[in-house]
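Q: Structure file coords.cif (mmCIF, C-alpha atoms and all ligand atoms) right here:
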```cif
data_protein
#
loop_
_atom_site.label_atom_id
_atom_site.label_comp_id
_atom_site.auth_asym_id
_atom_site.auth_seq_id
_atom_site.Cartn_x
_atom_site.Cartn_y
_atom_site.Cartn_z
CA MET X 1 -20.63 -1.85 -8.05
CA HIS X 2 -22.92 -1.67 -5.08
CA PHE X 3 -20.68 -1.18 -2.06
CA ALA X 4 -23.55 -0.35 0.27
CA ARG X 5 -24.28 -4.10 0.32
CA PHE X 6 -21.18 -4.70 2.43
CA PRO X 7 -20.67 -3.81 6.09
CA ARG X 8 -18.36 -0.83 6.32
CA VAL X 9 -17.09 1.41 9.07
CA SER X 10 -15.85 4.92 8.35
CA LEU X 11 -12.12 5.23 9.11
CA ALA X 12 -10.63 7.17 6.17
CA HIS X 13 -10.81 10.79 5.08
CA LEU X 14 -12.35 10.39 1.64
CA PRO X 15 -12.14 11.28 -1.13
CA THR X 16 -8.37 11.68 -1.01
CA PRO X 17 -7.03 14.58 -3.09
CA LEU X 18 -5.92 14.23 -6.71
CA GLU X 19 -3.14 16.74 -7.46
CA ARG X 20 -0.85 17.65 -10.32
CA LEU X 21 2.91 17.47 -9.64
CA ASP X 22 4.20 20.41 -11.67
CA ARG X 23 7.79 20.51 -10.48
CA LEU X 24 8.34 16.75 -10.72
CA SER X 25 6.75 16.68 -14.19
CA LYS X 26 9.06 19.49 -15.31
CA GLU X 27 12.14 17.80 -13.81
CA LEU X 28 11.41 14.55 -15.66
CA GLY X 29 10.61 16.41 -18.87
CA GLY X 30 8.07 13.92 -20.19
CA PRO X 31 4.57 13.07 -19.11
CA GLU X 32 2.25 15.09 -16.91
CA ILE X 33 2.37 13.44 -13.51
CA TRP X 34 -0.55 13.47 -11.09
CA ILE X 35 -0.77 12.00 -7.63
CA LYS X 36 -3.72 10.37 -5.87
CA ARG X 37 -3.06 11.07 -2.21
CA ASP X 38 -3.92 7.87 -0.38
CA ASP X 39 -1.11 8.82 1.99
CA CYS X 40 -3.75 11.27 3.27
CA THR X 41 -6.41 8.79 4.40
CA GLY X 42 -5.95 10.24 7.87
CA LEU X 43 -5.92 7.32 10.28
CA SER X 44 -2.69 7.42 12.33
CA SER X 45 -0.96 9.35 9.52
CA GLY X 46 -2.74 7.47 6.77
CA GLY X 47 -1.94 5.01 4.00
CA ASN X 48 -3.61 2.48 1.74
CA LYS X 49 -4.53 -0.06 4.43
CA THR X 50 -7.18 2.26 5.86
CA ARG X 51 -9.49 1.76 2.85
CA LYS X 52 -9.25 -2.02 3.28
CA LEU X 53 -9.79 -1.76 7.03
CA GLU X 54 -13.11 0.04 6.55
CA PHE X 55 -14.50 -3.26 5.22
CA LEU X 56 -12.39 -5.63 7.33
CA MET X 57 -13.10 -3.99 10.68
CA ALA X 58 -16.81 -3.78 9.87
CA GLU X 59 -16.77 -7.54 9.26
CA ALA X 60 -14.95 -8.02 12.59
CA MET X 61 -17.62 -5.96 14.37
CA ALA X 62 -20.44 -7.83 12.63
CA MET X 63 -18.92 -11.09 13.90
CA GLY X 64 -18.82 -9.76 17.45
CA ALA X 65 -15.02 -9.75 17.70
CA ASP X 66 -13.38 -8.03 20.67
CA MET X 67 -9.85 -8.55 19.36
CA VAL X 68 -8.16 -8.34 15.96
CA MET X 69 -4.90 -9.98 15.01
CA THR X 70 -2.70 -9.40 12.02
CA GLN X 71 0.89 -9.91 10.89
CA GLY X 72 3.53 -8.17 8.82
CA ALA X 73 7.12 -6.98 8.62
CA THR X 74 8.62 -5.09 11.57
CA GLN X 75 7.93 -1.71 9.92
CA SER X 76 4.49 -2.75 8.67
CA ASN X 77 2.21 0.18 7.81
CA HIS X 78 -0.69 -2.26 7.74
CA ALA X 79 -0.01 -3.27 11.35
CA ARG X 80 0.05 0.39 12.43
CA GLN X 81 -3.22 1.25 10.68
CA THR X 82 -4.86 -1.91 12.08
CA ALA X 83 -3.74 -0.96 15.60
CA ALA X 84 -5.22 2.52 15.14
CA ALA X 85 -8.51 1.18 13.74
CA ALA X 86 -8.80 -1.26 16.66
CA ALA X 87 -8.15 1.57 19.12
CA LYS X 88 -10.86 3.72 17.52
CA LEU X 89 -13.37 0.86 17.64
CA GLY X 90 -12.52 -0.24 21.17
CA MET X 91 -11.05 -3.62 20.24
CA ALA X 92 -7.84 -5.22 21.45
CA CYS X 93 -5.14 -5.70 18.83
CA HIS X 94 -2.29 -8.20 18.67
CA ILE X 95 0.36 -8.01 15.96
CA LEU X 96 2.92 -10.61 14.87
CA LEU X 97 5.98 -8.97 13.34
CA GLU X 98 8.47 -10.75 11.09
CA ASP X 99 12.08 -9.60 10.74
CA ARG X 100 12.44 -9.51 6.95
CA THR X 101 15.49 -7.25 6.76
CA GLY X 102 17.92 -8.24 9.51
CA TYR X 103 18.36 -4.56 10.50
CA GLN X 104 19.49 -4.54 14.14
CA ASP X 105 19.37 -0.83 14.94
CA HIS X 106 17.06 0.70 17.52
CA ASN X 107 15.03 2.88 15.19
CA TYR X 108 14.18 0.07 12.77
CA ASN X 109 13.06 -2.16 15.63
CA GLU X 110 11.37 0.34 17.96
CA ASN X 111 10.68 3.62 16.14
CA GLY X 112 8.43 4.53 13.19
CA ASN X 113 5.51 2.14 12.79
CA VAL X 114 6.53 0.03 15.82
CA LEU X 115 6.35 3.07 18.10
CA LEU X 116 2.86 3.85 16.81
CA ASP X 117 1.66 0.21 17.12
CA HIS X 118 2.45 0.48 20.82
CA LEU X 119 1.04 4.00 21.20
CA HIS X 120 -2.27 2.68 19.87
CA GLY X 121 -2.20 0.06 22.61
CA ALA X 122 -1.45 -2.99 20.46
CA THR X 123 0.66 -5.86 21.75
CA THR X 124 3.42 -7.14 19.46
CA GLU X 125 5.40 -10.34 19.14
CA LYS X 126 8.53 -10.75 17.00
CA PHE X 127 9.60 -13.61 14.74
CA PRO X 128 12.67 -14.31 12.63
CA GLY X 129 12.53 -13.91 8.83
CA GLY X 130 11.10 -16.82 6.86
CA HIS X 131 8.86 -17.91 9.73
CA ASP X 132 5.40 -19.37 8.92
CA MET X 133 3.55 -16.19 9.87
CA PRO X 134 0.00 -17.22 8.84
CA GLY X 135 0.41 -20.49 10.78
CA GLU X 136 1.79 -18.62 13.78
CA MET X 137 -1.14 -16.19 13.69
CA GLN X 138 -3.60 -19.09 13.59
CA ARG X 139 -1.96 -20.58 16.69
CA ALA X 140 -1.99 -17.21 18.49
CA ALA X 141 -5.69 -16.72 17.62
CA GLU X 142 -6.59 -20.19 18.92
CA ALA X 143 -4.72 -19.51 22.17
CA ALA X 144 -6.57 -16.21 22.66
CA MET X 145 -9.92 -17.82 21.87
CA ALA X 146 -9.21 -20.55 24.43
CA GLU X 147 -8.95 -17.69 26.94
CA GLY X 148 -12.39 -16.40 25.94
CA ARG X 149 -11.45 -13.78 23.34
CA LYS X 150 -13.48 -13.36 20.16
CA VAL X 151 -10.71 -12.98 17.62
CA TYR X 152 -10.93 -11.73 14.03
CA THR X 153 -7.74 -12.42 12.05
CA ILE X 154 -6.68 -10.18 9.19
CA PRO X 155 -4.17 -11.55 6.65
CA GLY X 156 -0.91 -9.70 5.99
CA GLY X 157 -1.58 -6.39 4.26
CA GLY X 158 -5.33 -6.84 4.74
CA SER X 159 -5.28 -8.54 1.35
CA ASN X 160 -8.32 -10.72 0.93
CA ALA X 161 -11.52 -10.15 -1.04
CA THR X 162 -13.04 -8.11 1.80
CA GLY X 163 -10.05 -5.77 2.08
CA ALA X 164 -9.74 -5.42 -1.70
CA LEU X 165 -13.27 -3.95 -1.79
CA GLY X 166 -11.63 -0.78 -0.47
CA TYR X 167 -9.61 -0.44 -3.67
CA ALA X 168 -12.42 -1.34 -6.05
CA ASN X 169 -14.15 1.56 -4.34
CA CYS X 170 -11.04 3.73 -4.81
CA ALA X 171 -11.14 3.05 -8.56
CA MET X 172 -14.66 4.44 -8.62
CA GLU X 173 -13.60 7.48 -6.57
CA LEU X 174 -10.64 8.19 -8.85
CA LEU X 175 -12.69 7.79 -12.00
CA SER X 176 -15.29 10.24 -10.78
CA GLN X 177 -12.52 12.76 -9.95
CA VAL X 178 -10.92 12.54 -13.39
CA ASN X 179 -14.25 12.69 -15.16
CA GLU X 180 -15.30 15.74 -13.19
CA ARG X 181 -12.07 17.51 -14.19
CA ARG X 182 -12.17 16.16 -17.74
CA LEU X 183 -8.75 14.56 -17.42
CA VAL X 184 -7.80 11.78 -19.80
CA VAL X 185 -5.54 9.38 -17.87
CA ASP X 186 -3.10 7.24 -19.88
CA HIS X 187 -1.57 5.24 -17.02
CA LEU X 188 -2.24 4.48 -13.36
CA VAL X 189 0.73 3.17 -11.35
CA HIS X 190 1.46 2.29 -7.72
CA ALA X 191 3.59 0.10 -5.47
CA THR X 192 2.25 -3.44 -5.15
CA GLY X 193 2.97 -5.87 -2.31
CA SER X 194 0.48 -8.21 -0.69
CA SER X 195 -1.73 -7.54 -3.76
CA GLY X 196 -5.01 -6.22 -2.33
CA THR X 197 -4.53 -2.72 -3.66
CA GLN X 198 -3.86 -3.78 -7.23
CA ALA X 199 -6.50 -6.53 -7.18
CA GLY X 200 -9.20 -4.14 -5.96
CA LEU X 201 -8.18 -1.41 -8.41
CA ILE X 202 -8.18 -3.69 -11.44
CA VAL X 203 -11.61 -5.06 -10.57
CA GLY X 204 -12.96 -1.54 -10.14
CA LEU X 205 -11.36 -0.22 -13.33
CA LYS X 206 -12.56 -3.15 -15.41
CA ALA X 207 -16.07 -3.21 -13.94
CA LEU X 208 -16.41 0.48 -14.77
CA ASN X 209 -14.88 -0.04 -18.21
CA ALA X 210 -12.43 2.76 -17.40
CA GLY X 211 -9.93 1.98 -20.14
CA ILE X 212 -7.03 3.05 -17.92
CA PRO X 213 -4.08 0.61 -17.93
CA LEU X 214 -2.87 -0.25 -14.42
CA LEU X 215 0.72 -1.13 -13.56
CA GLY X 216 2.02 -2.27 -10.19
CA PHE X 217 5.67 -1.77 -9.31
CA GLY X 218 6.74 -4.76 -7.23
CA THR X 219 8.26 -4.57 -3.77
CA ARG X 220 8.85 -8.23 -2.94
CA ALA X 221 7.87 -11.17 -5.16
CA PRO X 222 9.18 -11.91 -8.68
CA GLN X 223 6.94 -10.80 -11.56
CA GLU X 224 5.13 -14.04 -12.41
CA ARG X 225 4.29 -14.77 -8.78
CA GLN X 226 3.23 -11.17 -8.08
CA GLU X 227 0.91 -11.05 -11.09
CA GLN X 228 -0.61 -14.45 -10.30
CA MET X 229 -1.23 -13.41 -6.69
CA VAL X 230 -2.97 -10.20 -7.81
CA TYR X 231 -4.98 -12.06 -10.44
CA ASP X 232 -6.15 -14.76 -8.02
CA LEU X 233 -7.33 -12.14 -5.53
CA ALA X 234 -8.94 -10.06 -8.31
CA VAL X 235 -11.00 -13.11 -9.34
CA LYS X 236 -12.26 -13.58 -5.77
CA THR X 237 -12.96 -9.87 -5.35
CA ALA X 238 -14.91 -9.70 -8.61
CA GLU X 239 -17.00 -12.69 -7.49
CA LYS X 240 -17.73 -11.00 -4.18
CA LEU X 241 -18.81 -7.84 -5.99
CA GLY X 242 -21.05 -9.73 -8.39
CA CYS X 243 -18.96 -9.05 -11.48
CA ALA X 244 -17.18 -12.39 -11.90
CA GLY X 245 -15.11 -12.70 -15.08
CA VAL X 246 -14.48 -8.99 -15.48
CA VAL X 247 -10.69 -9.28 -15.05
CA ALA X 248 -8.49 -11.15 -17.54
CA ARG X 249 -5.05 -12.45 -16.58
CA THR X 250 -3.52 -10.03 -19.12
CA ASP X 251 -5.07 -7.04 -17.30
CA VAL X 252 -2.75 -7.74 -14.37
CA ARG X 253 0.67 -6.26 -14.97
CA ALA X 254 3.54 -5.89 -12.52
CA ASP X 255 7.09 -4.70 -13.11
CA THR X 256 9.38 -6.04 -10.41
CA SER X 257 12.67 -4.56 -11.70
CA TYR X 258 12.86 -1.99 -8.90
CA VAL X 259 12.74 -4.37 -5.92
CA GLY X 260 16.53 -4.65 -5.50
CA ALA X 261 18.00 -7.05 -2.92
CA GLY X 262 14.64 -7.82 -1.37
CA TYR X 263 11.61 -6.71 0.59
CA GLY X 264 12.26 -3.70 2.81
CA LEU X 265 15.76 -3.13 1.46
CA PRO X 266 15.90 0.22 -0.36
CA ARG X 267 18.33 0.71 -3.23
CA ALA X 268 19.91 3.89 -4.61
CA ASP X 269 17.00 4.68 -6.95
CA THR X 270 14.51 4.18 -4.08
CA ILE X 271 16.34 6.83 -2.08
CA GLU X 272 16.68 9.13 -5.08
CA ALA X 273 12.89 8.90 -5.58
CA ILE X 274 12.28 9.73 -1.91
CA ARG X 275 14.56 12.77 -2.23
CA LEU X 276 13.03 13.99 -5.51
CA PHE X 277 9.48 13.90 -4.17
CA ALA X 278 10.56 15.53 -0.90
CA GLU X 279 12.65 18.28 -2.53
CA LEU X 280 10.46 19.07 -5.54
CA GLU X 281 6.96 18.51 -4.18
CA GLY X 282 7.13 18.49 -0.38
CA ILE X 283 5.73 14.95 -0.42
CA LEU X 284 7.04 12.14 1.77
CA LEU X 285 7.46 8.66 0.30
CA ASP X 286 8.72 5.58 2.13
CA PRO X 287 11.70 3.23 1.71
CA VAL X 288 9.74 -0.05 1.40
CA TYR X 289 6.85 0.64 -1.00
CA SER X 290 6.11 4.09 -2.37
CA GLY X 291 9.84 4.86 -2.84
CA LYS X 292 10.20 1.77 -5.04
CA GLY X 293 6.97 2.53 -6.90
CA ALA X 294 8.15 6.08 -7.52
CA ALA X 295 11.56 4.80 -8.66
CA GLY X 296 9.71 2.81 -11.31
CA LEU X 297 7.60 5.81 -12.29
CA ILE X 298 10.68 8.04 -12.59
CA ASP X 299 12.55 5.48 -14.69
CA TYR X 300 9.56 4.99 -17.01
CA CYS X 301 9.41 8.77 -17.53
CA ARG X 302 13.16 9.12 -18.14
CA THR X 303 13.33 6.22 -20.57
CA GLY X 304 10.23 7.27 -22.54
CA LYS X 305 8.11 4.26 -21.57
CA PHE X 306 5.71 6.94 -20.43
CA ALA X 307 5.83 9.41 -23.31
CA LYS X 308 5.80 13.18 -23.44
CA GLY X 309 2.24 14.44 -23.43
CA GLU X 310 0.84 11.39 -21.68
CA ARG X 311 -0.88 11.78 -18.33
CA VAL X 312 0.17 9.44 -15.51
CA VAL X 313 -1.46 9.09 -12.10
CA PHE X 314 0.75 7.78 -9.28
CA LEU X 315 -1.30 6.35 -6.45
CA HIS X 316 0.59 7.29 -3.29
CA THR X 317 -0.02 4.39 -0.90
CA GLY X 318 1.52 6.09 2.14
CA GLY X 319 4.18 4.74 4.50
CA SER X 320 6.14 7.87 5.45
CA VAL X 321 6.13 6.85 9.13
CA GLY X 322 8.59 4.15 8.03
CA LEU X 323 11.17 6.87 7.28
CA PHE X 324 11.80 7.10 11.03
CA GLY X 325 12.65 3.41 11.11
CA TYR X 326 15.09 3.84 8.23
CA ASP X 327 17.00 6.94 9.31
CA SER X 328 20.37 5.16 9.28
CA VAL X 329 19.91 4.03 5.65
CA LEU X 330 18.78 7.51 4.58
CA ILE X 331 21.58 9.30 6.42
CA ASP X 332 24.26 6.96 5.01
CA ALA X 333 22.91 7.45 1.50
CA GLY X 334 22.86 11.23 2.02
CA LYS X 335 26.52 11.24 3.07
CA GLN X 336 27.46 9.12 0.07
CA MET X 337 25.62 11.44 -2.33
CA ALA X 338 27.26 14.50 -0.76
CA ALA X 339 30.69 12.90 -1.15
CA GLU X 340 30.19 12.06 -4.84
C1 LIG X 401 1.00 -2.26 2.00
C2 LIG X 401 1.55 -1.13 1.23
C3 LIG X 401 1.61 -1.17 -0.18
C4 LIG X 401 1.21 -2.36 -0.99
O1 LIG X 401 -0.16 -2.57 -1.01
P1 LIG X 401 -0.71 -4.06 -1.14
O2 LIG X 401 -2.16 -3.93 -1.11
O3 LIG X 401 -0.14 -4.81 0.02
O4 LIG X 401 -0.19 -4.62 -2.42
C5 LIG X 401 2.08 -0.07 -0.85
N1 LIG X 401 2.52 1.01 -0.16
C6 LIG X 401 2.49 1.08 1.18
C7 LIG X 401 3.01 2.30 1.83
C8 LIG X 401 2.01 0.01 1.93
O5 LIG X 401 2.00 0.10 3.27
#
```
Starting from the file, give its structure as structure tokens.
Ligand SMILES: *Cc1c(COP(=O)(O)O)cnc(C)c1O
A:
Amino acid sequence: MHFARFPRVSLAHLPTPLERLDRLSKELGGPEIWIKRDDCTGLSSGGNKTRKLEFLMAEAMAMGADMVMTQGATQSNHARQTAAAAAKLGMACHILLEDRTGYQDHNYNENGNVLLDHLHGATTEKFPGGHDMPGEMQRAAEAAMAEGRKVYTIPGGGSNATGALGYANCAMELLSQVNERRLVVDHLVHATGSSGTQAGLIVGLKALNAGIPLLGFGTRAPQERQEQMVYDLAVKTAEKLGCAGVVARTDVRADTSYVGAGYGLPRADTIEAIRLFAELEGILLDPVYSGKGAAGLIDYCRTGKFAKGERVVFLHTGGSVGLFGYDSVLIDAGKQMAAE
């Protein structure tokens, strides 16, 4: 995989660390758990979108854009990292935010990622849940272009074949880390959403013939739709990279049993996962993605789906800034746990 062929701008601190989680592994009593710290990519507190933005923002620059637009949920980590990347590169940034949770409180609507969007100088616009966000973004881009702006639009989550290059590249980075340390990895898991992370990873793993099974823990869509979305993007990403046909539909696996009531709505096991990582490892997860991914990981360890003696790598996709938008949910859950 020849990434130097693609325009790329340096935004992330790479390689991100690969660390063993001794206390969590001991607590769960089964497999040896490792963590790939993509929460430490650096840009505006980091996260997985920064790897995608290295390729997306370079494409925007190559096209002469002076403004980027993107869309996401109110507490979108992708929006925050896009706003920071635009600031660093001297571009304007406009973000369309969709209310997917109905939370009315101040912190959800103004704190966390939203606070940082504004600190980075982005403008934001809010829409009710279920709105046609891609259509709305197209209209907003046309309006800005009519005023003389050169606009580059980035899909939700930065998930297209350009963004997914960042995760094909991450697969290569991870593989070189485990080979250097002579670690045999039995499973790689992470939270999956708009699909670019999983699509890029599976292309990279398959192209390198890594032999490491990948599993995405869902955060929104039902299983069949999630897997199809990842597969479709993986096909496009493989074509872009010149390795068409490398991913089979059966390579794409998602488990969506830990989503709960819906996107952005944490459940009890999400919050337990956040607490376990915080208390045992000093690592911050988030209530929308990594908390649900970790809930899946923990359950797989407890129920023996990941067996004793196996080695599991959890890709930490970031998102801890979102904790400050979810303080009411976390505090309520804390009180409940204390009362039990
Ligand atoms: C966006 C995001 C994900 C999901 O990644 P996709 O590429 O959208 O599937 C996971 N974790 C965090 C913290 C995210 O912000």
Q: Distance atom CA of Thr317 of chain X-atom CA of Met63 of chain X, one decimal place?
A: 28.6 Å
Q: Give the residue list for ligand LIG 401 (chain X) at 7 Å, counting all atoms listed in the file, as a list in words, sorted by chain and then by residue number.
A: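 My answer, listing the contacting residues, is Gly47, Asn48, Lys49, Ser76, Asn77, His78, Gly157, Ser159, Ala191, Thr192, Gly193, Ser194, Ser195, Gly196, Thr197, Gln198, Asp286, Tyr289, Ser290, Thr317, Gly318 and Gly319 of chain X.
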Q: Using all atoms listed in the file, which of the listed residues (X:Gln177, X:Pro155, X:Trp34, X:Arg100) sits closest to Ala261 of chain X?
A: X:Arg100
Q: What lies within 8 Å of segment 320-323 of chain X using all atoms listed in the file, ignoring chain neighbours under 5 positions off, as an mmCIF file with C-alpha atoms, in the frame of the given file?
A:
```cif
data_model
loop_
_atom_site.group_PDB
_atom_site.id
_atom_site.type_symbol
_atom_site.label_atom_id
_atom_site.label_comp_id
_atom_site.auth_asym_id
_atom_site.auth_seq_id
_atom_site.Cartn_x
_atom_site.Cartn_y
_atom_site.Cartn_z
ATOM 1 C CA SER X 45 -0.960 9.350 9.520
ATOM 2 C CA GLN X 75 7.930 -1.710 9.920
ATOM 3 C CA ASN X 77 2.210 0.180 7.810
ATOM 4 C CA GLY X 112 8.430 4.530 13.190
ATOM 5 C CA ASN X 113 5.510 2.140 12.790
ATOM 6 C CA LEU X 284 7.040 12.140 1.770
ATOM 7 C CA LEU X 285 7.460 8.660 0.300
ATOM 8 C CA ASP X 286 8.720 5.580 2.130
ATOM 9 C CA PRO X 287 11.700 3.230 1.710
ATOM 10 C CA VAL X 288 9.740 -0.050 1.400
#
```
Q: Just how far from atom CA of Gln104 of chain X is atom CA of Gly325 of chain X, in Å to one decimal?
A: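 Rounded to one decimal, the two atoms are 10.9 Å apart.
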Q: Can you tell me how far atom CA of Lys52 of chain X sits from atom CA of Gly166 of chain X, in Å to one decimal?
A: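 Separation between atom CA of Lys52 of chain X and atom CA of Gly166 of chain X: 4.6 Å.
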Q: Here is a test: counting all atoms listed in the file, which residue of X:Ala141, X:Ala79, X:Met133, X:Met57 is nearest to His118 of chain X?
A: X:Ala79
Q: Pick from X:Leu214, X:Ala84, X:Ile202, X:Ala207: nearest to Ala244 of chain X, with only C-alpha atoms counted?
A: X:Ala207
Q: List as a tab-separated table every residue of segment 254-340 of chain X that is in contact with segment 181-185 of chain X, defined as an atom at most 9 Å from one of its atoms (using all atoms listed in the file), together with the nearest atom pair and the distance in Å rounded to one decimal, sorted by chain and then rising number.
A:
```
residue	atom	partner	partner_atom	distance
X:Glu310	CA	X:Val185	CA	7.7
X:Arg311	CA	X:Val185	CA	5.3
X:Val312	CA	X:Val185	CA	6.2
X:Val313	CA	X:Val185	CA	7.1
```
Q: Could you pull the residues within 8 Å of Leu11 of chain X, counting all atoms listed in the file, minus those fewer than 5 positions along the same chain, as JSON, numbers by chain?
A: {"X": [43, 50, 51, 53, 54, 85]}
Q: Point out the residue among X:Thr41, X:Asp105, X:Gly262, X:Gly211 with the least atom-to-atom distance to His187 of chain X, counting only C-alpha atoms.
A: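 The answer is X:Gly211, which sits nearest to His187 of chain X.
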